[in-house]
Amino acid sequence: MVAIPKIIGVVTYGLVLSLGLSDAMATERVGPDPCAERKGGQPNLLTCDEETRQGIVTVKGEVLRFEGNTFLVQQFDGKEVKLHIDATTQMSGYLGRGERIEATVSNLDDQKHALSIRQLE
């Protein structure tokens with residue numbers, strides 16, 4: 001027959017393990033939900049478009065300089081942002097220093113990847 005202290009030990013170990021795993025899964029999501037507009041941070045998917053749910057944002061501003069494959073853009077609200085470009089970035093027209101641009105940016109990683117950049121009129 002199995003001793004009662006052994007059963008209590010196994011049950012306690014299982015409880016502690018499950019609490020540890022639930023905490024690890026809860027911290028998997030980093031940063032606020034871009035669609036959370038309700039109190040308590042719950043997403044309001046009716047007012048959130050598909051691009052926002054996928055982490056795609058629009059950046060508008062003036063090109064300050066180029067650093068290799070990176071544009072430094074001063075947004076119209078005064079904040080500066082670095083946009084990474086590569087062969088997959090769709091660019092329309094000549095883009096130089098001082099140009100006013102609108103960029104569609106993937107905001108899911110630390111480095112903001114420009115999906116498309118176009119010149120503003």
# chains A, B, ... in the order shown; residues from 1 in each chain; ligands from 1

$ residues_around --residues "stretch 94-101 of chain A" --least-positions-apart "3" --cutoff "8 Å" --atoms "only C-alpha atoms" --output "VMD selection string"
chain A and resid 60 to 66 117 to 121

$ write_last_selection --atoms "N, CA, C and O atoms" --output "PDB file, in the first residue's frame"
ATOM      1  N   LYS A  60       4.373  58.177 -41.081  1.00  0.00           N
ATOM      2  CA  LYS A  60       4.470  59.321 -41.989  1.00  0.00           C
ATOM      3  C   LYS A  60       5.471  60.303 -41.403  1.00  0.00           C
ATOM      4  O   LYS A  60       5.452  60.564 -40.203  1.00  0.00           O
ATOM      5  N   GLY A  61       6.342  60.822 -42.271  1.00  0.00           N
ATOM      6  CA  GLY A  61       7.319  61.779 -41.781  1.00  0.00           C
ATOM      7  C   GLY A  61       8.298  62.182 -42.856  1.00  0.00           C
ATOM      8  O   GLY A  61       8.084  61.955 -44.048  1.00  0.00           O
ATOM      9  N   GLU A  62       9.412  62.785 -42.410  1.00  0.00           N
ATOM     10  CA  GLU A  62      10.443  63.299 -43.304  1.00  0.00           C
ATOM     11  C   GLU A  62      11.723  62.493 -43.129  1.00  0.00           C
ATOM     12  O   GLU A  62      12.143  62.220 -42.009  1.00  0.00           O
ATOM     13  N   VAL A  63      12.342  62.120 -44.258  1.00  0.00           N
ATOM     14  CA  VAL A  63      13.588  61.355 -44.225  1.00  0.00           C
ATOM     15  C   VAL A  63      14.708  62.286 -43.761  1.00  0.00           C
ATOM     16  O   VAL A  63      14.954  63.322 -44.366  1.00  0.00           O
ATOM     17  N   LEU A  64      15.391  61.896 -42.682  1.00  0.00           N
ATOM     18  CA  LEU A  64      16.512  62.680 -42.179  1.00  0.00           C
ATOM     19  C   LEU A  64      17.831  62.223 -42.784  1.00  0.00           C
ATOM     20  O   LEU A  64      18.653  63.031 -43.187  1.00  0.00           O
ATOM     21  N   ARG A  65      18.046  60.885 -42.814  1.00  0.00           N
ATOM     22  CA  ARG A  65      19.283  60.360 -43.394  1.00  0.00           C
ATOM     23  C   ARG A  65      19.159  58.860 -43.634  1.00  0.00           C
ATOM     24  O   ARG A  65      18.218  58.229 -43.188  1.00  0.00           O
ATOM     25  N   PHE A  66      20.162  58.331 -44.337  1.00  0.00           N
ATOM     26  CA  PHE A  66      20.266  56.902 -44.612  1.00  0.00           C
ATOM     27  C   PHE A  66      21.467  56.356 -43.854  1.00  0.00           C
ATOM     28  O   PHE A  66      22.496  57.007 -43.754  1.00  0.00           O
ATOM     29  N   ILE A 117       7.197  51.918 -49.116  1.00  0.00           N
ATOM     30  CA  ILE A 117       7.466  53.336 -48.855  1.00  0.00           C
ATOM     31  C   ILE A 117       7.066  54.096 -50.105  1.00  0.00           C
ATOM     32  O   ILE A 117       7.425  53.718 -51.220  1.00  0.00           O
ATOM     33  N   ARG A 118       6.313  55.169 -49.881  1.00  0.00           N
ATOM     34  CA  ARG A 118       5.939  56.020 -51.020  1.00  0.00           C
ATOM     35  C   ARG A 118       6.118  57.483 -50.634  1.00  0.00           C
ATOM     36  O   ARG A 118       6.061  57.852 -49.471  1.00  0.00           O
ATOM     37  N   GLN A 119       6.346  58.285 -51.640  1.00  0.00           N
ATOM     38  CA  GLN A 119       6.564  59.715 -51.454  1.00  0.00           C
ATOM     39  C   GLN A 119       5.205  60.408 -51.286  1.00  0.00           C
ATOM     40  O   GLN A 119       4.252  60.115 -51.999  1.00  0.00           O
ATOM     41  N   LEU A 120       5.118  61.304 -50.304  1.00  0.00           N
ATOM     42  CA  LEU A 120       3.897  62.091 -50.115  1.00  0.00           C
ATOM     43  C   LEU A 120       3.955  63.327 -50.993  1.00  0.00           C
ATOM     44  O   LEU A 120       5.015  63.887 -51.246  1.00  0.00           O
ATOM     45  N   GLU A 121       2.816  63.751 -51.446  1.00  0.00           N
ATOM     46  CA  GLU A 121       2.740  64.929 -52.316  1.00  0.00           C
ATOM     47  C   GLU A 121       2.602  66.184 -51.512  1.00  0.00           C
ATOM     48  O   GLU A 121       2.082  66.278 -50.484  1.00  0.00           O
TER      49      GLU A 121
END

$ closest_residue --among "A:Ser106, A:Asn69, A:Ser116, A:Gln75" --to "A:Thr89" --atoms "only C-alpha atoms"
A:Ser116

$ select_by_dssp --residues "stretch 62-106 of chain A" --states "strand (DSSP E or B)" --output "ChimeraX atom specification"
/A:62-67,70-75,80-84,90-92,100-106

$ write_last_selection --atoms "C-alpha atoms" --output "tab-separated table (two decimals), in the first residue's frame"
chain	number	residue	atom	x	y	z
A	62	GLU	CA	10.44	63.30	-43.30
A	63	VAL	CA	13.59	61.36	-44.22
A	64	LEU	CA	16.51	62.68	-42.18
A	65	ARG	CA	19.28	60.36	-43.39
A	66	PHE	CA	20.27	56.90	-44.61
A	67	GLU	CA	22.44	54.47	-42.66
A	70	THR	CA	18.06	51.93	-42.70
A	71	PHE	CA	16.10	55.15	-43.14
A	72	LEU	CA	15.98	57.56	-40.20
A	73	VAL	CA	12.59	59.25	-40.36
A	74	GLN	CA	11.26	62.08	-38.21
A	75	GLN	CA	7.54	61.52	-37.86
A	80	GLU	CA	12.33	59.67	-34.80
A	81	VAL	CA	12.08	56.10	-36.06
A	82	LYS	CA	14.48	53.84	-37.94
A	83	LEU	CA	12.98	51.87	-40.82
A	84	HIS	CA	14.84	48.85	-42.21
A	90	GLN	CA	8.19	48.15	-52.33
A	91	MET	CA	9.43	51.67	-53.08
A	92	SER	CA	7.80	54.18	-55.40
A	100	ARG	CA	8.15	63.41	-46.99
A	101	ILE	CA	7.13	59.75	-46.99
A	102	GLU	CA	4.44	57.33	-45.92
A	103	ALA	CA	5.65	53.84	-45.00
A	104	THR	CA	3.77	50.66	-44.16
A	105	VAL	CA	5.83	49.01	-41.44
A	106	SER	CA	5.83	45.58	-39.81

$ atom_distance --atom1 "atom CA of A:Phe76" --atom2 "atom CA of A:Leu115"
19.6 Å

$ closest_residue --among "A:Val16, A:Ile56, A:Ile85, A:His113" --to "A:Gly68" --atoms "only C-alpha atoms"
A:Ile85
